[in-house]
Every structure is written in C-alpha cells, then in structure tokens.
$ cat protein.txt   # compact mmCIF, C-alpha atoms
# COMPACT_ATOMS: atom_id res chain seq x y z
CA MET A 16 0.00 0.00 0.00
CA ARG A 17 1.33 3.43 -0.96
CA LYS A 18 2.32 5.66 1.95
CA ALA A 19 0.50 8.97 2.25
CA ASP A 20 3.75 10.92 2.26
CA ALA A 21 5.31 9.06 -0.67
CA THR A 22 6.81 11.07 -3.51
CA PRO A 23 4.22 11.62 -6.29
CA LEU A 24 4.75 9.50 -9.38
CA ARG A 25 6.67 11.47 -11.96
CA LEU A 26 5.39 11.17 -15.52
CA ASN A 27 6.64 12.18 -18.92
CA PRO A 28 5.64 15.87 -19.08
CA VAL A 29 4.09 15.33 -22.51
CA LEU A 30 1.77 12.73 -21.00
CA GLU A 31 0.86 15.02 -18.11
CA ARG A 32 0.02 17.89 -20.44
CA GLN A 33 -1.97 15.82 -22.91
CA GLY A 34 -4.52 14.39 -20.50
CA GLU A 35 -6.83 11.68 -21.72
CA TYR A 36 -7.39 10.85 -25.38
CA PRO A 37 -10.27 13.15 -26.45
CA LEU A 38 -12.79 10.54 -27.57
CA LEU A 39 -12.34 8.52 -24.37
CA ARG A 40 -14.72 10.93 -22.65
CA LEU A 41 -17.37 10.13 -25.23
CA ASP A 42 -16.76 6.41 -24.77
CA GLU A 43 -17.19 6.64 -21.00
CA ARG A 44 -20.47 8.51 -21.31
CA ARG A 45 -21.76 6.04 -23.87
CA GLU A 46 -20.90 3.12 -21.60
CA ARG A 47 -22.84 4.65 -18.71
CA LEU A 48 -25.94 4.96 -20.88
CA LYS A 49 -25.57 1.39 -22.08
CA GLU A 50 -25.44 0.22 -18.48
CA GLN A 51 -28.74 2.04 -17.92
CA GLY A 52 -30.31 0.08 -20.76
CA VAL A 53 -30.62 3.01 -23.19
CA ARG A 54 -30.61 1.96 -26.85
CA LEU A 55 -27.78 3.86 -28.51
CA PHE A 56 -27.17 4.76 -32.11
CA ASP A 57 -23.43 5.33 -32.02
CA PHE A 58 -22.13 7.74 -34.66
CA GLY A 59 -19.23 8.80 -32.45
CA ALA A 60 -16.25 6.54 -33.12
CA GLY A 61 -15.13 5.75 -36.68
CA ASP A 62 -15.47 1.98 -36.32
CA PRO A 63 -17.76 0.56 -39.04
CA ARG A 64 -19.84 -2.52 -38.28
CA GLU A 65 -20.20 -4.07 -41.72
CA PRO A 66 -18.86 -7.66 -41.65
CA THR A 67 -15.31 -8.28 -42.83
CA ASP A 68 -15.34 -10.16 -46.14
CA PRO A 69 -15.39 -13.94 -45.53
CA ARG A 70 -12.40 -14.48 -47.82
CA ILE A 71 -10.31 -12.26 -45.55
CA ARG A 72 -11.48 -14.05 -42.43
CA ARG A 73 -10.76 -17.41 -44.04
CA ALA A 74 -7.24 -16.32 -44.99
CA LEU A 75 -6.57 -15.39 -41.38
CA LEU A 76 -7.87 -18.66 -39.96
CA GLU A 77 -5.97 -20.78 -42.45
CA ALA A 78 -2.74 -18.96 -41.63
CA VAL A 79 -2.83 -19.51 -37.85
CA PRO A 80 0.23 -21.74 -37.30
CA GLU A 81 0.60 -24.70 -35.01
CA VAL A 82 3.85 -23.20 -33.72
CA SER A 83 3.78 -19.49 -32.97
CA GLN A 84 6.97 -17.54 -33.74
CA TYR A 85 7.95 -13.89 -33.80
CA PRO A 86 6.91 -12.10 -36.98
CA SER A 87 9.29 -9.94 -38.97
CA ALA A 88 8.95 -6.15 -38.77
CA SER A 89 9.51 -5.99 -42.53
CA GLY A 90 6.50 -8.22 -43.16
CA THR A 91 6.05 -11.11 -45.52
CA ARG A 92 6.92 -10.67 -49.15
CA ALA A 93 3.40 -11.84 -50.04
CA LEU A 94 1.94 -8.91 -48.11
CA ARG A 95 4.33 -6.36 -49.57
CA GLU A 96 3.67 -7.59 -53.10
CA ALA A 97 -0.10 -7.58 -52.56
CA PHE A 98 0.02 -3.97 -51.39
CA CYS A 99 2.24 -2.95 -54.32
CA GLY A 100 -0.24 -4.61 -56.66
CA TRP A 101 -3.07 -2.57 -55.17
CA MET A 102 -1.07 0.66 -55.36
CA GLU A 103 -0.42 0.06 -59.06
CA ARG A 104 -4.06 -0.86 -59.81
CA ARG A 105 -5.55 1.95 -57.77
CA HIS A 106 -3.07 4.80 -58.19
CA GLY A 107 -0.86 3.79 -61.11
CA VAL A 108 2.20 3.88 -58.84
CA GLU A 109 4.86 1.18 -59.13
CA LEU A 110 6.65 0.46 -55.85
CA ASP A 111 9.59 -1.76 -54.99
CA PRO A 112 8.26 -4.28 -52.45
CA ASP A 113 11.74 -4.71 -50.98
CA ALA A 114 12.63 -1.05 -50.51
CA GLU A 115 9.60 1.23 -50.63
CA VAL A 116 6.93 -0.38 -48.43
CA LEU A 117 6.67 -1.44 -44.81
CA PRO A 118 3.73 -2.92 -42.86
CA ALA A 119 2.38 -1.53 -39.59
CA SER A 120 0.00 -2.63 -36.85
CA GLY A 121 -2.66 -0.16 -37.90
CA SER A 122 -2.32 3.42 -39.10
CA LYS A 123 -2.53 4.97 -35.63
CA GLU A 124 0.55 3.07 -34.54
CA ALA A 125 2.33 3.89 -37.78
CA ILE A 126 1.51 7.60 -37.55
CA PHE A 127 2.52 7.85 -33.90
CA HIS A 128 5.89 6.15 -34.40
CA ALA A 129 6.67 7.76 -37.78
CA HIS A 130 8.21 10.79 -36.10
CA LEU A 131 10.80 8.91 -34.07
CA PRO A 132 13.49 8.34 -36.74
CA PHE A 133 13.39 11.93 -37.94
CA LEU A 134 12.99 14.10 -34.82
CA HIS A 135 14.92 14.75 -31.63
CA HIS A 136 14.60 17.41 -28.97
CA THR A 137 18.15 18.59 -29.78
CA HIS A 138 17.33 19.29 -33.44
CA GLU A 139 17.21 22.95 -34.39
CA ARG A 140 14.32 22.32 -36.79
CA ARG A 141 11.91 19.84 -35.22
CA GLY A 142 8.45 21.22 -35.96
CA VAL A 143 5.56 19.07 -37.13
CA ALA A 144 2.80 20.92 -38.99
CA TYR A 145 -0.69 19.44 -39.24
CA GLY A 146 -4.24 20.63 -39.73
CA THR A 147 -6.70 21.37 -36.96
CA PRO A 148 -9.40 20.22 -36.53
CA GLY A 149 -7.83 16.87 -37.22
CA TYR A 150 -6.64 13.50 -36.00
CA PRO A 151 -5.01 13.97 -32.55
CA VAL A 152 -2.20 11.45 -33.17
CA TYR A 153 -0.15 13.80 -35.38
CA GLU A 154 0.35 16.13 -32.44
CA ARG A 155 0.85 13.41 -29.85
CA GLY A 156 3.34 11.46 -31.92
CA ALA A 157 5.31 14.62 -32.60
CA LEU A 158 5.51 15.66 -28.96
CA PHE A 159 6.49 12.24 -27.63
CA ALA A 160 9.27 12.14 -30.24
CA GLY A 161 10.70 15.44 -28.99
CA GLY A 162 9.20 17.49 -31.77
CA GLU A 163 7.38 20.81 -31.74
CA ALA A 164 3.67 20.78 -32.53
CA LEU A 165 2.73 23.37 -35.18
CA PRO A 166 -1.06 23.20 -35.69
CA VAL A 167 -2.46 25.00 -38.71
CA ARG A 168 -6.09 26.14 -38.58
CA LEU A 169 -8.33 24.70 -41.30
CA VAL A 170 -11.39 26.70 -42.31
CA ARG A 171 -14.44 25.93 -44.36
CA GLU A 172 -13.90 28.88 -46.68
CA ASP A 173 -10.75 27.13 -47.97
CA GLY A 174 -12.47 23.75 -48.21
CA PHE A 175 -10.57 22.66 -45.08
CA LEU A 176 -7.38 22.45 -47.16
CA LEU A 177 -4.27 23.12 -45.11
CA PRO A 178 -2.96 26.56 -46.20
CA LEU A 179 0.67 26.01 -47.19
CA GLU A 180 1.47 29.69 -46.66
CA ALA A 181 0.74 29.16 -42.95
CA VAL A 182 3.52 26.55 -42.65
CA ASP A 183 6.75 28.02 -41.27
CA PRO A 184 9.60 26.43 -43.27
CA GLN A 185 12.18 27.64 -40.75
CA ARG A 186 10.63 25.50 -38.00
CA THR A 187 8.91 22.67 -39.87
CA ARG A 188 10.60 19.31 -40.37
CA ILE A 189 7.46 17.25 -41.14
CA LEU A 190 4.17 18.27 -42.76
CA TRP A 191 1.14 16.02 -42.32
CA LEU A 192 -1.71 16.01 -44.83
CA ASN A 193 -4.90 13.98 -44.41
CA TYR A 194 -7.21 13.89 -47.42
CA PRO A 195 -9.92 12.72 -47.58
CA HIS A 196 -10.06 14.42 -44.22
CA ASN A 197 -11.01 13.27 -40.76
CA PRO A 198 -13.20 14.75 -39.31
CA THR A 199 -14.72 16.90 -42.07
CA GLY A 200 -14.72 14.57 -45.07
CA ALA A 201 -13.07 17.26 -47.22
CA ARG A 202 -11.15 16.17 -50.32
CA ALA A 203 -7.94 17.54 -51.84
CA PRO A 204 -7.52 17.75 -55.62
CA ARG A 205 -4.38 16.43 -57.27
CA SER A 206 -3.29 20.02 -57.99
CA TYR A 207 -3.19 20.73 -54.24
CA LEU A 208 -1.01 17.67 -53.61
CA GLU A 209 1.32 18.87 -56.36
CA GLU A 210 1.61 22.27 -54.66
CA ALA A 211 2.27 20.66 -51.30
CA ALA A 212 4.94 18.37 -52.73
CA ALA A 213 6.66 21.30 -54.46
CA PHE A 214 6.54 23.35 -51.26
CA CYS A 215 8.11 20.55 -49.25
CA ARG A 216 10.83 19.95 -51.85
CA GLU A 217 11.70 23.63 -51.88
CA HIS A 218 12.06 23.78 -48.10
CA ASP A 219 13.42 20.28 -47.40
CA ILE A 220 10.33 19.26 -45.42
CA LEU A 221 9.27 15.63 -45.09
CA LEU A 222 5.76 15.16 -46.50
CA PHE A 223 3.63 12.56 -44.72
CA SER A 224 0.18 11.81 -46.13
CA ASP A 225 -2.44 9.99 -44.06
CA GLU A 226 -4.56 8.29 -46.73
CA CYS A 227 -6.65 6.01 -44.54
CA TYR A 228 -9.90 7.13 -46.21
CA ASN A 229 -8.74 7.03 -49.82
CA GLU A 230 -10.91 4.00 -50.59
CA ILE A 231 -14.16 5.34 -49.12
CA TYR A 232 -15.68 7.58 -51.79
CA SER A 233 -18.37 8.05 -54.41
CA GLY A 234 -17.55 9.54 -57.79
CA ASP A 235 -13.93 10.18 -58.71
CA PRO A 236 -11.37 8.28 -56.61
CA PRO A 237 -9.18 10.50 -54.41
CA PRO A 238 -5.52 10.71 -55.48
CA SER A 239 -2.50 9.54 -53.49
CA VAL A 240 0.41 11.84 -52.79
CA LEU A 241 2.63 9.15 -54.33
CA GLU A 242 1.04 9.92 -57.69
CA VAL A 243 2.79 13.29 -57.63
CA SER A 244 5.95 12.70 -55.59
CA ARG A 245 8.01 10.04 -53.86
CA GLU A 246 10.93 12.26 -52.85
CA ARG A 247 11.06 12.61 -49.04
CA THR A 248 7.41 11.56 -49.07
CA LEU A 249 5.43 8.80 -47.35
CA ALA A 250 1.84 7.62 -47.73
CA PHE A 251 0.08 5.83 -44.87
CA CYS A 252 -2.58 3.40 -46.10
CA SER A 253 -4.92 1.32 -43.96
CA LEU A 254 -7.21 -1.69 -44.23
CA SER A 255 -9.35 -0.55 -41.31
CA LYS A 256 -11.86 1.43 -43.34
CA ARG A 257 -11.14 -0.01 -46.79
CA SER A 258 -11.79 -3.60 -45.78
CA GLY A 259 -13.57 -3.40 -42.42
CA MET A 260 -10.50 -4.62 -40.53
CA THR A 261 -10.22 -2.16 -37.66
CA GLY A 262 -9.65 -4.95 -35.14
CA TYR A 263 -6.98 -6.61 -37.26
CA ARG A 264 -4.69 -3.58 -36.94
CA SER A 265 -3.07 -3.62 -40.36
CA ALA A 266 -1.68 -0.75 -42.42
CA MET A 267 1.14 0.01 -44.83
CA MET A 268 3.71 2.80 -45.14
CA ALA A 269 5.04 3.51 -48.61
CA GLY A 270 7.22 5.95 -50.47
CA ASP A 271 10.79 7.26 -50.35
CA ALA A 272 13.20 4.32 -49.93
CA GLU A 273 15.47 6.32 -47.62
CA LEU A 274 12.60 7.12 -45.26
CA ILE A 275 11.36 3.52 -45.36
CA SER A 276 14.88 2.34 -44.54
CA ALA A 277 15.01 4.60 -41.48
CA LEU A 278 11.65 3.30 -40.29
CA GLY A 279 12.84 -0.23 -40.93
CA LYS A 280 15.77 0.34 -38.58
CA LEU A 281 13.48 1.72 -35.87
CA ARG A 282 10.60 -0.71 -35.86
CA PRO A 283 12.29 -3.90 -34.55
CA SER A 284 13.07 -1.93 -31.38
CA VAL A 285 9.43 -0.96 -30.91
CA GLY A 286 7.98 -4.46 -31.19
CA VAL A 287 5.05 -3.63 -33.47
CA ALA A 288 5.42 -6.38 -36.07
CA SER A 289 2.07 -7.63 -37.29
CA PRO A 290 1.29 -11.32 -36.57
CA SER A 291 1.85 -13.63 -39.55
CA PHE A 292 -1.83 -14.65 -39.72
CA VAL A 293 -2.93 -11.00 -39.77
CA GLN A 294 -0.45 -10.40 -42.59
CA ALA A 295 -2.02 -13.27 -44.53
CA ALA A 296 -5.47 -11.72 -44.09
CA ALA A 297 -4.07 -8.33 -45.11
CA ALA A 298 -2.52 -9.79 -48.26
CA ALA A 299 -5.90 -11.25 -49.18
CA ALA A 300 -7.56 -7.88 -48.58
CA TRP A 301 -5.09 -5.84 -50.66
CA SER A 302 -5.42 -8.39 -53.47
CA ASP A 303 -9.19 -7.98 -53.82
CA ASP A 304 -11.17 -4.90 -54.83
CA GLU A 305 -14.66 -6.35 -55.13
CA HIS A 306 -15.47 -6.28 -51.42
CA VAL A 307 -14.41 -2.62 -51.25
CA GLU A 308 -16.88 -1.63 -53.95
CA GLU A 309 -19.70 -3.11 -51.90
CA ARG A 310 -18.58 -1.17 -48.83
CA ARG A 311 -18.56 2.05 -50.85
CA ARG A 312 -22.13 1.44 -51.97
CA THR A 313 -23.20 0.84 -48.37
CA PHE A 314 -21.64 4.05 -47.10
CA ALA A 315 -23.09 5.98 -50.05
CA ARG A 316 -26.60 4.82 -49.09
CA LYS A 317 -26.09 5.92 -45.49
CA ARG A 318 -24.60 9.24 -46.60
CA GLY A 319 -27.53 9.89 -48.91
CA LEU A 320 -30.01 9.18 -46.11
CA PHE A 321 -28.44 11.76 -43.80
CA VAL A 322 -27.82 14.35 -46.50
CA GLU A 323 -31.49 14.24 -47.43
CA PHE A 324 -32.45 14.64 -43.77
CA PHE A 325 -30.03 17.52 -43.12
CA ARG A 326 -31.37 19.41 -46.12
CA ARG A 327 -34.95 18.73 -45.08
CA ALA A 328 -34.23 19.90 -41.51
CA GLY A 329 -32.27 22.97 -42.62
CA LEU A 330 -29.06 21.79 -40.91
CA ASP A 331 -25.86 23.18 -42.40
CA PHE A 332 -23.21 20.59 -43.27
CA LEU A 333 -20.15 20.15 -45.48
CA PRO A 334 -21.14 18.35 -48.70
CA THR A 335 -18.74 15.49 -49.39
CA ASP A 336 -18.63 12.18 -51.19
CA ALA A 337 -15.57 10.86 -49.35
CA THR A 338 -14.93 9.17 -46.00
CA PHE A 339 -17.91 8.01 -43.95
CA TYR A 340 -18.02 11.23 -41.94
CA LEU A 341 -20.41 14.15 -42.12
CA TRP A 342 -19.39 17.48 -40.59
CA VAL A 343 -22.48 19.28 -39.34
CA ALA A 344 -22.74 22.85 -38.07
CA VAL A 345 -24.83 22.85 -34.90
CA PRO A 346 -27.71 25.26 -34.26
CA GLY A 347 -26.57 27.81 -31.71
CA GLY A 348 -22.89 26.96 -32.15
CA ASP A 349 -22.31 24.95 -28.94
CA ASP A 350 -21.20 21.57 -30.23
CA GLU A 351 -20.83 20.00 -26.79
CA ALA A 352 -24.31 21.01 -25.67
CA TYR A 353 -25.82 19.84 -28.95
CA ALA A 354 -24.07 16.48 -28.68
CA LEU A 355 -25.43 16.13 -25.16
CA ARG A 356 -28.96 16.89 -26.39
CA LEU A 357 -28.66 14.25 -29.10
CA LEU A 358 -27.36 11.81 -26.51
CA GLU A 359 -30.64 12.16 -24.63
CA GLU A 360 -32.29 10.71 -27.76
CA GLY A 361 -29.76 7.86 -27.85
CA ILE A 362 -27.78 9.43 -30.71
CA VAL A 363 -24.03 9.55 -30.12
CA VAL A 364 -22.00 12.04 -32.17
CA ALA A 365 -18.51 13.48 -31.65
CA PRO A 366 -18.32 17.16 -30.65
CA GLY A 367 -16.13 19.05 -33.10
CA ARG A 368 -13.90 20.43 -30.35
CA SER A 369 -12.71 16.85 -29.72
CA PHE A 370 -10.63 17.26 -32.89
CA GLY A 371 -8.85 20.43 -31.80
CA PRO A 372 -9.17 24.16 -32.40
CA GLY A 373 -11.41 24.96 -35.35
CA GLY A 374 -13.78 22.12 -34.59
CA GLU A 375 -15.98 24.19 -32.30
CA GLY A 376 -19.51 24.63 -33.55
CA TYR A 377 -19.62 21.31 -35.42
CA VAL A 378 -20.35 17.68 -34.69
CA ARG A 379 -18.93 14.73 -36.60
CA VAL A 380 -21.35 12.01 -37.64
CA ALA A 381 -19.58 8.71 -38.37
CA LEU A 382 -21.80 6.56 -40.59
CA VAL A 383 -20.97 3.31 -38.82
CA PRO A 384 -24.36 1.92 -37.60
CA SER A 385 -26.37 -0.29 -39.95
CA LEU A 386 -28.62 1.28 -42.57
CA GLU A 387 -31.68 0.31 -40.51
CA GLU A 388 -30.17 1.93 -37.40
CA CYS A 389 -29.38 5.05 -39.42
CA GLU A 390 -33.03 5.26 -40.49
CA GLU A 391 -34.22 5.02 -36.88
CA ALA A 392 -31.65 7.59 -35.73
CA VAL A 393 -32.81 9.99 -38.44
CA ARG A 394 -36.39 9.65 -37.20
CA ARG A 395 -35.31 10.50 -33.65
CA TRP A 396 -33.10 13.38 -34.73
CA GLU A 397 -35.83 14.76 -36.99
CA ALA A 398 -38.26 14.82 -34.07
CA LEU A 399 -35.70 16.79 -32.10
CA ALA A 400 -35.08 19.22 -34.96
CA ALA A 401 -38.77 19.82 -35.58

$ encode --input "protein.txt" --output "structure tokens"
Amino acid sequence: MRKADATPLRLNPVLERQGEYPLLRLDERRERLKEQGVRLFDFGAGDPREPTDPRIRRALLEAVPEVSQYPSASGTRALREAFCGWMERRHGVELDPDAEVLPASGSKEAIFHAHLPFLHHTHERRGVAYGTPGYPVYERGALFAGGEALPVRLVREDGFLLPLEAVDPQRTRILWLNYPHNPTGARAPRSYLEEAAAFCREHDILLFSDECYNEIYSGDPPPSVLEVSRERTLAFCSLSKRSGMTGYRSAMMAGDAELISALGKLRPSVGVASPSFVQAAAAAAWSDDEHVEERRRTFARKRGLFVEFFRRAGLDFLPTDATFYLWVAVPGGDDEAYALRLLEEGIVVAPGRSFGPGGEGYVRVALVPSLEECEEAVRRWEALAA
C-alpha cells in the first residue's frame, strides 16, 4: 500500500500535459448509458460494423500456425507484393516491395511512431505541422518524439485544405496532410497535392500523407500523394476502413526508400510487427477490390439518407462524397451542448472540439451503424429538430 507521504509518481511531461485521449470521454459517457439500458445509435467513433469479407477471415484462420513464432517487422513478401499490386491498380504507382513499403500494426501506430526516426529534442528544426481540426495522433506522436507541434487552422472557406502559406519552413521538419479528411470529409484535388509536394521539396520538409480514407468515396477516386511525388514523401494506407479490418490492426507505409529504410531500422526496437496470420489476411484484402466496392455502396446509401435529412431539416453541413463522416454545423454553435442533447435521444456524435481548435460549432457524424439503425436515428433526430 502506498504511503500517504510518498513522492508523487513522476510522468513524462508530454503525458501530463496531454490528459486523456479526447474521444475517451465520449466512450465513457456512452458506456454509462448502455449500463442504464438506453438503446444507442453510435455515430461517435469511426469503427464501421459491416462484416469483414469472408475471404479475408478465411485467410486469417488458415494462416494460424501450429507453432507461434515472432513475426518480422519488414512483413512477408506476399503482403508487400499484394500492397504494391493494389497501389499500381488503384493509383498507377509502381513500388519496390523490398525497398519502398513497410507494414504496420494499424495506421494509428504507424503515424505515432513515424516521427521517431526523424525528430529529436536537440534538433534545431523539429516542428511538425498538421491541420486542426484533425486527427489527434499527429500532435501526440510529434511531442512524444521530442518534436514541436505546429497546428495550422483549417477553415471551411478554404475547403478545409491546409494553407501552405501558414507553414513556417524555418521550424517545420514534417508536414502532415490527411485527405480525404477526418473529421470533415473534405477532399484535396491532385493540384493541391502537387503544390504541397513542391513546397516541401523547396524547403526540405518531409511530406507525410495519411490516406486512410482514400478508398471510401463516391464519384472520382481521391488521389494519393505518391502519384505526384516520392521524394522525401510517405503515404500511410490502412485496411481498417477499406476492408472493415479495424480490429486486425493492419496498415502500410510507402514511399521514399530512404525514409522507409530509417523506419525499418526503428521498428524492430518498438515491437510492433504484425502477426503472420494478420499479414495473410491483409494480403488477401489488398489483393481484392470487389469487397471494397460493396462497402462504398453501403456508405453511399447511409450518406444519402443523412444528407437528405439535413437538407430537409435545414441543418448546415459540409457536402462530401468521401470518407464516412459528415461534418455538421450545430444550431446555436455549442457543439458539446448539442451532442449532449442528441445523446438524450440515444444518438451519439462526436463534438467538433474533440478534434482540436477549429472544430468548435460542429459535430462529426460517423456513418458506422447499420442502414436500418441510421433510419431510426434519423427519425429521432428529426423529431428533435422539428
């Protein structure tokens, strides 16, 4: 038992300053309501519930070995080749499976650890620029690696595109882009990626592109940054949303061979190698496009249902045909209060402020419940909006 006068536990100051992960608060509140027996329609966390394709599940089961051994951080050649095949089919980009790709245990892990080989607190230029509102892991990964967080405000008037003129080249070592964008669903045209790549080349900035939502779209497919540049550039691609494999934790990093080599030196020390049976399932997923088309159609139906409702109810939102998120401006501007009011109806949404400065006044609706659940949630929300 700890003595009352014992010295307080000393933590990493970054951990002390960060506090809890933003969406944990939403999770805790949701769990309390579930314990009370309230039926919830959870549009808060981006964790889709459509079944993983049976061919992927079968590949995993068939690959579970009788004798379990440590997997390699570089991944199996079958996985690397499957990913390279997808990148060529989808983006027209030819990659060397031995030098330009590396697997990861999910994109969050990959993004968090990506800073470590390239940043140190003693570096004169150690800034990491990223958009806000946005995914919190860019900031957290940068700070734990000894970097300097350089958030750049994204605004609707600019289509939530990160303004390159707001990036300080004297301080910035890494620039993160994320399009299609979480949480807003905004897309970036190829011309914007070309401008960003040119900017980074001019100022010797590493360009990291989080492309986890590139496969969730209607209409024209979103481009990859690797279509315009590979020099000092990495793309982070995930099976979580593309193939409904959030629990498998499988992603790929691809691009500049020198950057991949540095990450390859780091990762055995971290112990994040993906299990061999997960790699087999991932290889099956990257090798097949049919199941992804069905997922796109499902999300399009859900998106259409809510878009029709928002227009009918006079709710302002960002029109998008990418990701499975909808970014909705709340009446009155208080996103936290509005989320709480929706929660009383059993509808869980993420307050925009959870994604950092610039998110205030919005809620993010993640289209993860079933189509039938979406229809019921719309009926409840419509009664509230009436």

$ closest_residue --input "protein.txt" --among "A:Gly107, A:Gly329, A:Pro334, A:Gly121" --to "Val240 (chain A)" --atoms "all atoms listed in the file"
A:Gly107

$ residues_around --input "protein.txt" --residues "Cys215 (chain A)" --least-positions-apart "5" --cutoff "10 Å" --atoms "all atoms listed in the file" --output "ChimeraX atom specification"
/A:179,184,187-190,209-210,220-222,246-248

$ residues_around --input "protein.txt" --residues "His128 (chain A)" --least-positions-apart "2" --cutoff "9 Å" --atoms "all atoms listed in the file" --output "JSON list (two decimals) with C-alpha atoms, keeping the file's coordinate frame"
[["chain", "number", "residue", "atom", "x", "y", "z"],
["A", 123, "LYS", "CA", -2.53, 4.97, -35.63],
["A", 124, "GLU", "CA", 0.55, 3.07, -34.54],
["A", 125, "ALA", "CA", 2.33, 3.89, -37.78],
["A", 126, "ILE", "CA", 1.51, 7.60, -37.55],
["A", 130, "HIS", "CA", 8.21, 10.79, -36.10],
["A", 131, "LEU", "CA", 10.80, 8.91, -34.07],
["A", 132, "PRO", "CA", 13.49, 8.34, -36.74],
["A", 156, "GLY", "CA", 3.34, 11.46, -31.92],
["A", 157, "ALA", "CA", 5.31, 14.62, -32.60],
["A", 160, "ALA", "CA", 9.27, 12.14, -30.24],
["A", 278, "LEU", "CA", 11.65, 3.30, -40.29],
["A", 281, "LEU", "CA", 13.48, 1.72, -35.87],
["A", 282, "ARG", "CA", 10.60, -0.71, -35.86],
["A", 285, "VAL", "CA", 9.43, -0.96, -30.91]]

$ residues_around --input "protein.txt" --residues "Ala78 (chain A)" --least-positions-apart "2" --cutoff "8 Å" --atoms "all atoms listed in the file" --output "ChimeraX atom specification"
/A:74-76,80,291-292,295

$ closest_atom_pairs --input "protein.txt" --of "region 142-228 of chain A" --to "region 25-35 of chain A" --cutoff "9 Å" --atoms "only C-alpha atoms" --output "CSV"
residue,atom,partner,partner_atom,distance
A:Arg155,CA,A:Gln33,CA,7.9
A:Leu158,CA,A:Val29,CA,6.6
A:Phe159,CA,A:Val29,CA,6.4

$ residues_near_point --input "protein.txt" --point "(-26.2, -2.9, -40.3)" --cutoff "10 Å" --atoms "all atoms listed in the file" --output "NGL selection string"
:A and (63-66 or 313 or 383-389)

$ residues_around --input "protein.txt" --residues "Gly374 (chain A)" --least-positions-apart "6" --cutoff "6 Å" --atoms "all atoms listed in the file" --output "PyMOL selection string"
chain A and resi 148+367-368

$ residues_around --input "protein.txt" --residues "Gln185 (chain A)" --least-positions-apart "4" --cutoff "9 Å" --atoms "all atoms listed in the file" --output "PyMOL selection string"
chain A and resi 140+142+218

$ closest_residue --input "protein.txt" --among "A:Glu226, A:Asp219, A:Asp68, A:Asp111" --to "Trp191 (chain A)" --atoms "only C-alpha atoms"
A:Glu226

$ atom_distance --input "protein.txt" --atom1 "CA of Glu172 (chain A)" --atom2 "CA of Ala201 (chain A)"
11.7 Å

$ residues_near_point --input "protein.txt" --point "(-30.8, 4.4, -40.2)" --cutoff "12 Å" --atoms "only C-alpha atoms" --output "short mmCIF file (atom, residue, chain, number, x, y, z; two decimals) with C-alpha atoms, keeping the file's coordinate frame"
data_model
loop_
_atom_site.label_atom_id
_atom_site.label_comp_id
_atom_site.auth_asym_id
_atom_site.auth_seq_id
_atom_site.Cartn_x
_atom_site.Cartn_y
_atom_site.Cartn_z
CA PHE A 56 -27.17 4.76 -32.11
CA ASP A 57 -23.43 5.33 -32.02
CA PHE A 58 -22.13 7.74 -34.66
CA THR A 313 -23.20 0.84 -48.37
CA PHE A 314 -21.64 4.05 -47.10
CA ARG A 316 -26.60 4.82 -49.09
CA LYS A 317 -26.09 5.92 -45.49
CA ARG A 318 -24.60 9.24 -46.60
CA GLY A 319 -27.53 9.89 -48.91
CA LEU A 320 -30.01 9.18 -46.11
CA PHE A 321 -28.44 11.76 -43.80
CA PHE A 324 -32.45 14.64 -43.77
CA ILE A 362 -27.78 9.43 -30.71
CA LEU A 382 -21.80 6.56 -40.59
CA VAL A 383 -20.97 3.31 -38.82
CA PRO A 384 -24.36 1.92 -37.60
CA SER A 385 -26.37 -0.29 -39.95
CA LEU A 386 -28.62 1.28 -42.57
CA GLU A 387 -31.68 0.31 -40.51
CA GLU A 388 -30.17 1.93 -37.40
CA CYS A 389 -29.38 5.05 -39.42
CA GLU A 390 -33.03 5.26 -40.49
CA GLU A 391 -34.22 5.02 -36.88
CA ALA A 392 -31.65 7.59 -35.73
CA VAL A 393 -32.81 9.99 -38.44
CA ARG A 394 -36.39 9.65 -37.20
CA ARG A 395 -35.31 10.50 -33.65
CA TRP A 396 -33.10 13.38 -34.73
CA GLU A 397 -35.83 14.76 -36.99
#

$ atom_distance --input "protein.txt" --atom1 "CA of Ala213 (chain A)" --atom2 "CA of Pro198 (chain A)"
25.8 Å

$ closest_residue --input "protein.txt" --among "A:Tyr194, A:Tyr85, A:Phe98, A:Phe133" --to "Leu254 (chain A)" --atoms "all atoms listed in the file"
A:Phe98

$ atom_distance --input "protein.txt" --atom1 "CA of Arg92 (chain A)" --atom2 "CA of Ser258 (chain A)"
20.3 Å

$ closest_residue --input "protein.txt" --among "A:Val378, A:Val322, A:Ala299, A:Leu192" --to "Pro69 (chain A)" --atoms "all atoms listed in the file"
A:Ala299
